[in-house]
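Participant: Next comes coords05.txt, compact mmCIF, C-alpha atoms:
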```txt
# COMPACT_ATOMS: atom_id res chain seq x y z
CA MET A 1 79.97 97.90 51.86
CA ASN A 2 81.74 94.53 52.03
CA ARG A 3 85.41 94.55 53.12
CA THR A 4 87.85 92.85 55.46
CA LEU A 5 88.20 94.13 59.04
CA SER A 6 91.14 96.45 59.54
CA LYS A 7 93.25 96.96 62.67
CA ALA A 8 91.50 100.28 63.32
CA ASP A 9 88.14 98.55 63.15
CA LEU A 10 89.31 95.98 65.72
CA ASP A 11 90.64 98.69 68.03
CA ALA A 12 87.19 100.30 68.04
CA PHE A 13 85.79 97.18 69.73
CA LYS A 14 88.33 97.13 72.57
CA GLU A 15 87.11 97.99 76.03
CA SER A 16 88.25 101.41 77.13
CA THR A 17 87.08 104.47 79.02
CA ILE A 18 86.45 107.70 77.21
CA GLU A 19 86.11 110.90 79.20
CA ILE A 20 84.22 113.85 77.72
CA THR A 21 83.70 117.17 79.41
CA GLU A 22 80.45 118.91 78.54
CA THR A 23 80.84 122.62 78.09
CA ASP A 24 77.40 123.73 76.99
CA GLU A 25 73.83 122.54 77.59
CA GLU A 26 70.67 123.71 75.92
CA ALA A 27 67.25 122.69 77.15
CA VAL A 28 64.68 122.29 74.42
CA VAL A 29 61.12 122.77 75.67
CA ALA A 30 57.98 123.02 73.62
CA LYS A 31 54.31 123.35 74.50
CA GLN A 32 51.65 121.79 72.44
CA ALA A 33 47.89 122.05 73.01
CA ARG A 34 46.19 118.71 73.08
CA VAL A 35 42.51 117.76 73.06
CA VAL A 36 41.92 115.37 75.93
CA GLU A 37 38.17 115.53 76.23
CA GLU A 38 35.24 116.92 74.25
CA VAL A 39 31.93 118.15 75.58
CA ILE A 40 28.98 118.53 73.27
CA VAL A 41 26.17 120.82 74.37
CA ARG A 42 22.84 120.88 72.65
CA LYS A 43 19.40 122.18 73.38
CA ASP A 44 16.24 120.23 72.73
CA VAL A 45 13.22 122.42 72.09
CA GLN A 46 9.74 121.18 72.75
CA ASP A 47 6.46 123.02 72.18
CA ARG A 48 3.40 122.33 74.22
CA THR A 49 -0.06 123.80 74.35
CA GLU A 50 -1.86 124.03 77.62
CA THR A 51 -5.34 125.29 78.44
CA VAL A 52 -5.67 127.10 81.74
CA ARG A 53 -9.05 127.80 83.26
CA ASP A 54 -9.30 130.08 86.26
CA THR A 55 -11.33 132.92 87.72
CA VAL A 56 -10.03 136.48 87.56
CA ARG A 57 -9.60 137.87 91.05
CA ARG A 58 -8.56 141.41 90.15
CA THR A 59 -10.26 144.34 88.47
CA ASP A 60 -8.48 147.40 87.07
CA VAL A 61 -10.33 150.69 87.03
CA GLU A 62 -9.04 153.78 85.24
CA VAL A 63 -9.85 157.12 86.86
CA GLU A 64 -9.51 160.13 84.58
CA LYS A 65 -9.36 163.74 85.72
CA LEU A 66 -12.17 165.89 84.36
CA GLY A 67 -12.21 169.50 83.16
CA ALA A 68 -9.14 171.50 82.13
CA GLU A 69 -6.69 168.87 83.37
CA ARG A 70 -8.30 166.22 81.16
CA SER A 71 -8.25 168.33 78.00
CA GLN A 72 -4.60 169.25 78.58
CA SER A 73 -3.51 165.64 79.05
CA THR A 74 -4.98 164.63 75.70
CA ASN A 75 -2.89 167.16 73.75
CA GLY A 76 0.40 165.28 74.10
CA PHE A 77 3.75 166.94 74.55
CA GLU A 78 2.41 170.43 73.81
CA ALA A 79 0.25 170.26 76.96
CA TYR A 80 3.46 170.09 79.03
CA ASP A 81 5.59 172.49 77.03
CA ALA A 82 4.89 175.57 79.19
CA GLU A 83 5.74 173.63 82.35
CA PHE A 84 8.96 172.30 80.79
CA ARG A 85 9.98 175.84 79.73
CA LYS A 86 9.34 177.11 83.26
CA ASN A 87 11.46 174.29 84.70
CA PHE A 88 14.22 175.12 82.20
CA THR A 89 14.26 178.78 83.22
CA GLY A 90 14.38 177.95 86.93
CA THR A 91 16.90 175.12 86.68
CA TYR A 92 19.16 175.77 83.69
CA GLY A 93 18.43 179.28 82.44
CA ARG A 94 20.64 180.99 85.00
CA ARG A 95 23.72 178.86 84.41
CA GLU A 96 23.47 178.54 80.61
CA LYS A 97 25.34 181.42 78.98
CA ASN A 98 24.22 180.79 75.40
CA GLY A 99 21.59 178.26 76.36
CA ALA A 100 18.06 178.39 75.16
CA TYR A 101 15.17 176.12 75.95
CA GLU A 102 15.53 174.60 72.48
CA LYS A 103 18.80 172.99 73.61
CA TYR A 104 16.94 171.12 76.38
CA ALA A 105 13.66 170.54 74.52
CA PRO A 106 14.81 167.13 73.16
CA ALA A 107 15.53 166.03 76.75
CA SER A 108 12.07 167.18 77.87
CA ARG A 109 10.44 165.42 74.92
CA TYR A 110 12.40 162.25 75.73
CA GLY A 111 11.24 162.42 79.37
CA TYR A 112 7.68 162.95 78.14
CA GLU A 113 7.97 159.83 75.94
CA LEU A 114 9.28 157.81 78.90
CA GLY A 115 6.43 159.02 81.11
CA SER A 116 3.92 158.04 78.42
CA ASP A 117 5.52 154.62 77.85
CA THR A 118 3.64 151.78 79.59
CA ARG A 119 6.92 149.90 80.11
CA TYR A 120 7.87 152.42 82.80
CA SER A 121 4.43 152.87 84.32
CA GLY A 122 4.44 152.20 88.04
CA LYS A 123 8.24 151.85 88.18
CA GLU A 124 10.73 153.85 90.17
CA TRP A 125 13.21 156.02 88.22
CA SER A 126 16.22 154.34 89.85
CA THR A 127 15.22 150.91 88.48
CA PHE A 128 15.61 151.92 84.83
CA GLU A 129 17.69 155.11 84.73
CA SER A 130 20.80 153.28 83.48
CA ASP A 131 18.78 151.77 80.60
CA VAL A 132 17.34 155.12 79.49
CA ARG A 133 20.78 156.71 79.83
CA ARG A 134 22.21 154.21 77.32
CA ASP A 135 19.18 154.78 75.08
CA TRP A 136 19.61 158.59 75.25
CA GLU A 137 23.32 158.38 74.43
CA THR A 138 22.58 156.07 71.48
CA ARG A 139 19.56 157.89 70.02
CA HIS A 140 20.58 161.50 70.75
CA PRO A 141 24.30 161.93 70.04
CA GLY A 142 25.33 165.56 70.12
CA GLN A 143 22.18 166.69 71.96
CA GLY A 144 23.82 166.92 75.35
CA ALA A 145 25.63 164.55 77.67
CA TRP A 146 23.39 162.54 79.97
CA GLU A 147 24.79 164.26 83.06
CA ASP A 148 23.77 167.63 81.57
CA VAL A 149 20.21 166.67 80.55
CA LYS A 150 19.16 163.95 82.99
CA ASP A 151 17.40 166.39 85.35
CA ALA A 152 15.29 167.72 82.46
CA VAL A 153 14.43 164.16 81.39
CA ARG A 154 13.53 163.21 84.96
CA HIS A 155 11.40 166.33 85.46
CA ALA A 156 9.43 165.61 82.28
CA TRP A 157 8.97 161.96 83.28
CA ASP A 158 7.73 162.97 86.74
CA SER A 159 5.34 165.57 85.25
CA VAL A 160 3.71 163.04 82.94
CA ARG A 161 3.41 160.47 85.74
CA GLU A 162 1.67 163.00 87.99
CA ARG A 163 -1.06 163.52 85.35
CA GLU A 164 -1.46 159.93 84.15
CA PRO A 165 -4.69 158.12 85.08
CA ARG A 166 -4.34 156.12 88.28
CA ARG A 167 -5.03 152.40 88.50
CA VAL A 168 -6.96 151.27 91.57
```
Write out the structure in this file as structure tokens.

Facilitator:
Amino acid sequence: MNRTLSKADLDAFKESTIEITETDEEAVVAKQARVVEEVIVRKDVQDRTETVRDTVRRTDVEVEKLGAERSQSTNGFEAYDAEFRKNFTGTYGRREKNGAYEKYAPASRYGYELGSDTRYSGKEWSTFESDVRRDWETRHPGQGAWEDVKDAVRHAWDSVREREPRRV
């Protein structure tokens, strides 16, 4: 635009005071995530082979029971079945209205498997009970809540441990 200055234009450049009253204020705030620093984590893997020569200072000896006890222990779960049934009758039979041993047999078999498992050999029940509880609940859904069967599992585990060969 190219024109001559008007009187209104000249009045705009005069010194004067203008008073304005503010009636409303709005704060505008925004958050924005910013990357200020980066950390890079990596893992270096190194393989090494080492030859160790030493003298063994310990000897393990297995002691097996002879006679009827020995022949029973080699028959697996069936060798314990009568004992597990007797425990069921004494412990659960009175309070189970419709209960039969067959309802608790999976718990006894599970306890037998735990007692036969070398991972639990020589360990105290309290050190791994929470692990076997999770395992029971995962592998045996619908076969009884842990709180209902844990005594049968523990009894079977104890029974197998009592008959297992001792290490000296």

Participant: To one decimal in Å, tell me the separation between atom CA of Val149 of chain A and atom CA of Lys123 of chain A.

Facilitator: 20.5 Å

Participant: Looking at all atoms listed in the file, which of A:Gly122, A:Arg53, A:Ile18, A:Ala152 is the one that sits closest to Gly90 of chain A?

Facilitator: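 Selected residue with least distance to Gly90 of chain A: A:Ala152.
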
Participant: Please compute the atom CA of Ala79 of chain A-atom CA of Arg154 of chain A distance, one decimal, in Å.

Facilitator: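 Interatomic distance, atom CA of Ala79 of chain A to atom CA of Arg154 of chain A: 17.0 Å.
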
Participant: What does the distance from atom CA of Phe84 of chain A to atom CA of Trp136 of chain A come to in Å, to one decimal?

Facilitator: 18.2 Å

Participant: A:Asp151, A:Asp9, A:Asp158, A:Glu137: which is nearest Gly115 of chain A, counting only C-alpha atoms?

Facilitator: A:Asp158

Participant: When distances are computed from only C-alpha atoms, which of A:Thr55, A:Thr118, A:Arg34, A:Glu147 shows the smallest separation from Arg134 of chain A?

Facilitator: A:Glu147

Participant: Have a look at A:Val35, A:Leu5, A:Ala27, A:Ala107 and name the one nearest to Ala156 of chain A; count only C-alpha atoms.

Facilitator: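 Of A:Val35, A:Leu5, A:Ala27, A:Ala107, the one nearest Ala156 of chain A, counting only C-alpha atoms, is A:Ala107.
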
Participant: Which residues are close to Arg109 of chain A, i.e. within 9 Å by only C-alpha atoms, leaving aside same-chain residues fewer than 6 positions away? Reply as a PyMOL selection string.

Facilitator: chain A and resi 77+81+153+156

Participant: Can you write out the residues you just picked, keeping C-alpha atoms, as a PDB file, in the coordinates of the input?

Facilitator:
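And here is the file that came out, selection_31.pdb:
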```pdb
ATOM      1  CA  PHE A  77       3.750 166.940  74.550  1.00  0.00           C
ATOM      2  CA  ASP A  81       5.590 172.490  77.030  1.00  0.00           C
ATOM      3  CA  VAL A 153      14.430 164.160  81.390  1.00  0.00           C
ATOM      4  CA  ALA A 156       9.430 165.610  82.280  1.00  0.00           C
TER       5      ALA A 156
END
```

Participant: Using all atoms listed in the file, find the one residue out of A:Ser16, A:Thr51, A:Asn87, A:Thr127 that sits nearest to Ser108 of chain A.

Facilitator: A:Asn87

Participant: Given only C-alpha atoms as the basis, pick out the residue of A:Gln143, A:Glu50, A:Tyr104, A:Ala33 nearest to Thr91 of chain A.

Facilitator: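 Nearest to Thr91 of chain A: A:Tyr104.
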
Participant: Can you sort out segment 99-135 of chain A so it carries N, CA and C atoms, written as a PDB file, keeping the file's coordinate frame?

Facilitator:
```
ATOM      1  N   GLY A  99      22.634 179.272  76.398  1.00  0.00           N
ATOM      2  CA  GLY A  99      21.590 178.260  76.360  1.00  0.00           C
ATOM      3  C   GLY A  99      20.217 178.825  76.108  1.00  0.00           C
ATOM      4  N   ALA A 100      19.459 178.085  75.406  1.00  0.00           N
ATOM      5  CA  ALA A 100      18.060 178.390  75.160  1.00  0.00           C
ATOM      6  C   ALA A 100      17.284 177.125  75.438  1.00  0.00           C
ATOM      7  N   TYR A 101      16.015 177.277  75.669  1.00  0.00           N
ATOM      8  CA  TYR A 101      15.170 176.120  75.950  1.00  0.00           C
ATOM      9  C   TYR A 101      15.286 175.074  74.846  1.00  0.00           C
ATOM     10  N   GLU A 102      15.464 175.519  73.613  1.00  0.00           N
ATOM     11  CA  GLU A 102      15.530 174.600  72.480  1.00  0.00           C
ATOM     12  C   GLU A 102      16.649 173.570  72.636  1.00  0.00           C
ATOM     13  N   LYS A 103      17.700 173.931  73.375  1.00  0.00           N
ATOM     14  CA  LYS A 103      18.800 172.990  73.610  1.00  0.00           C
ATOM     15  C   LYS A 103      18.335 171.833  74.505  1.00  0.00           C
ATOM     16  N   TYR A 104      17.418 172.137  75.444  1.00  0.00           N
ATOM     17  CA  TYR A 104      16.940 171.120  76.380  1.00  0.00           C
ATOM     18  C   TYR A 104      15.598 170.509  75.971  1.00  0.00           C
ATOM     19  N   ALA A 105      14.963 171.062  74.953  1.00  0.00           N
ATOM     20  CA  ALA A 105      13.660 170.540  74.520  1.00  0.00           C
ATOM     21  C   ALA A 105      13.720 169.053  74.149  1.00  0.00           C
ATOM     22  N   PRO A 106      14.769 168.570  73.450  1.00  0.00           N
ATOM     23  CA  PRO A 106      14.810 167.130  73.160  1.00  0.00           C
ATOM     24  C   PRO A 106      14.828 166.276  74.435  1.00  0.00           C
ATOM     25  N   ALA A 107      15.496 166.774  75.480  1.00  0.00           N
ATOM     26  CA  ALA A 107      15.530 166.030  76.750  1.00  0.00           C
ATOM     27  C   ALA A 107      14.142 166.010  77.379  1.00  0.00           C
ATOM     28  N   SER A 108      13.434 167.142  77.322  1.00  0.00           N
ATOM     29  CA  SER A 108      12.070 167.180  77.870  1.00  0.00           C
ATOM     30  C   SER A 108      11.148 166.279  77.069  1.00  0.00           C
ATOM     31  N   ARG A 109      11.286 166.294  75.762  1.00  0.00           N
ATOM     32  CA  ARG A 109      10.440 165.420  74.920  1.00  0.00           C
ATOM     33  C   ARG A 109      10.750 163.950  75.228  1.00  0.00           C
ATOM     34  N   TYR A 110      12.021 163.633  75.411  1.00  0.00           N
ATOM     35  CA  TYR A 110      12.400 162.250  75.730  1.00  0.00           C
ATOM     36  C   TYR A 110      11.790 161.829  77.080  1.00  0.00           C
ATOM     37  N   GLY A 111      11.855 162.717  78.070  1.00  0.00           N
ATOM     38  CA  GLY A 111      11.240 162.420  79.370  1.00  0.00           C
ATOM     39  C   GLY A 111       9.740 162.257  79.248  1.00  0.00           C
ATOM     40  N   TYR A 112       9.117 163.083  78.391  1.00  0.00           N
ATOM     41  CA  TYR A 112       7.680 162.950  78.140  1.00  0.00           C
ATOM     42  C   TYR A 112       7.374 161.573  77.546  1.00  0.00           C
ATOM     43  N   GLU A 113       8.172 161.145  76.567  1.00  0.00           N
ATOM     44  CA  GLU A 113       7.970 159.830  75.940  1.00  0.00           C
ATOM     45  C   GLU A 113       8.110 158.710  76.966  1.00  0.00           C
ATOM     46  N   LEU A 114       9.096 158.833  77.858  1.00  0.00           N
ATOM     47  CA  LEU A 114       9.280 157.810  78.900  1.00  0.00           C
ATOM     48  C   LEU A 114       8.072 157.770  79.834  1.00  0.00           C
ATOM     49  N   GLY A 115       7.582 158.949  80.214  1.00  0.00           N
ATOM     50  CA  GLY A 115       6.430 159.020  81.110  1.00  0.00           C
ATOM     51  C   GLY A 115       5.173 158.471  80.472  1.00  0.00           C
ATOM     52  N   SER A 116       5.085 158.541  79.142  1.00  0.00           N
ATOM     53  CA  SER A 116       3.920 158.040  78.420  1.00  0.00           C
ATOM     54  C   SER A 116       4.057 156.558  78.064  1.00  0.00           C
ATOM     55  N   ASP A 117       5.239 156.010  78.228  1.00  0.00           N
ATOM     56  CA  ASP A 117       5.520 154.620  77.850  1.00  0.00           C
ATOM     57  C   ASP A 117       5.051 153.673  78.950  1.00  0.00           C
ATOM     58  N   THR A 118       4.194 152.725  78.600  1.00  0.00           N
ATOM     59  CA  THR A 118       3.640 151.780  79.590  1.00  0.00           C
ATOM     60  C   THR A 118       4.712 150.889  80.200  1.00  0.00           C
ATOM     61  N   ARG A 119       5.853 150.735  79.543  1.00  0.00           N
ATOM     62  CA  ARG A 119       6.920 149.900  80.110  1.00  0.00           C
ATOM     63  C   ARG A 119       7.447 150.466  81.427  1.00  0.00           C
ATOM     64  N   TYR A 120       7.331 151.783  81.596  1.00  0.00           N
ATOM     65  CA  TYR A 120       7.870 152.420  82.800  1.00  0.00           C
ATOM     66  C   TYR A 120       6.774 152.828  83.788  1.00  0.00           C
ATOM     67  N   SER A 121       5.543 152.521  83.444  1.00  0.00           N
ATOM     68  CA  SER A 121       4.430 152.870  84.320  1.00  0.00           C
ATOM     69  C   SER A 121       4.520 152.114  85.637  1.00  0.00           C
ATOM     70  N   GLY A 122       4.410 152.837  86.727  1.00  0.00           N
ATOM     71  CA  GLY A 122       4.440 152.200  88.040  1.00  0.00           C
ATOM     72  C   GLY A 122       5.839 151.830  88.524  1.00  0.00           C
ATOM     73  N   LYS A 123       6.863 152.193  87.783  1.00  0.00           N
ATOM     74  CA  LYS A 123       8.240 151.850  88.180  1.00  0.00           C
ATOM     75  C   LYS A 123       8.925 153.062  88.780  1.00  0.00           C
ATOM     76  N   GLU A 124       9.912 152.787  89.593  1.00  0.00           N
ATOM     77  CA  GLU A 124      10.730 153.850  90.170  1.00  0.00           C
ATOM     78  C   GLU A 124      11.840 154.217  89.196  1.00  0.00           C
ATOM     79  N   TRP A 125      12.173 155.494  89.129  1.00  0.00           N
ATOM     80  CA  TRP A 125      13.210 156.020  88.220  1.00  0.00           C
ATOM     81  C   TRP A 125      14.514 155.245  88.372  1.00  0.00           C
ATOM     82  N   SER A 126      14.922 154.973  89.604  1.00  0.00           N
ATOM     83  CA  SER A 126      16.220 154.340  89.850  1.00  0.00           C
ATOM     84  C   SER A 126      16.316 152.941  89.243  1.00  0.00           C
ATOM     85  N   THR A 127      15.183 152.284  89.005  1.00  0.00           N
ATOM     86  CA  THR A 127      15.220 150.910  88.480  1.00  0.00           C
ATOM     87  C   THR A 127      15.537 150.854  86.983  1.00  0.00           C
ATOM     88  N   PHE A 128      15.343 151.969  86.264  1.00  0.00           N
ATOM     89  CA  PHE A 128      15.610 151.920  84.830  1.00  0.00           C
ATOM     90  C   PHE A 128      16.427 153.092  84.303  1.00  0.00           C
ATOM     91  N   GLU A 129      16.940 153.945  85.184  1.00  0.00           N
ATOM     92  CA  GLU A 129      17.690 155.110  84.730  1.00  0.00           C
ATOM     93  C   GLU A 129      18.901 154.708  83.871  1.00  0.00           C
ATOM     94  N   SER A 130      19.619 153.660  84.267  1.00  0.00           N
ATOM     95  CA  SER A 130      20.800 153.280  83.480  1.00  0.00           C
ATOM     96  C   SER A 130      20.408 152.830  82.071  1.00  0.00           C
ATOM     97  N   ASP A 131      19.238 152.190  81.933  1.00  0.00           N
ATOM     98  CA  ASP A 131      18.780 151.770  80.600  1.00  0.00           C
ATOM     99  C   ASP A 131      18.440 152.980  79.726  1.00  0.00           C
ATOM    100  N   VAL A 132      17.712 153.965  80.295  1.00  0.00           N
ATOM    101  CA  VAL A 132      17.340 155.120  79.490  1.00  0.00           C
ATOM    102  C   VAL A 132      18.551 156.008  79.207  1.00  0.00           C
ATOM    103  N   ARG A 133      19.535 155.968  80.097  1.00  0.00           N
ATOM    104  CA  ARG A 133      20.780 156.710  79.830  1.00  0.00           C
ATOM    105  C   ARG A 133      21.448 156.165  78.575  1.00  0.00           C
ATOM    106  N   ARG A 134      21.603 154.823  78.510  1.00  0.00           N
ATOM    107  CA  ARG A 134      22.210 154.210  77.320  1.00  0.00           C
ATOM    108  C   ARG A 134      21.388 154.537  76.076  1.00  0.00           C
ATOM    109  N   ASP A 135      20.061 154.479  76.210  1.00  0.00           N
ATOM    110  CA  ASP A 135      19.180 154.780  75.080  1.00  0.00           C
ATOM    111  C   ASP A 135      19.358 156.222  74.631  1.00  0.00           C
TER     112      ASP A 135
END
```
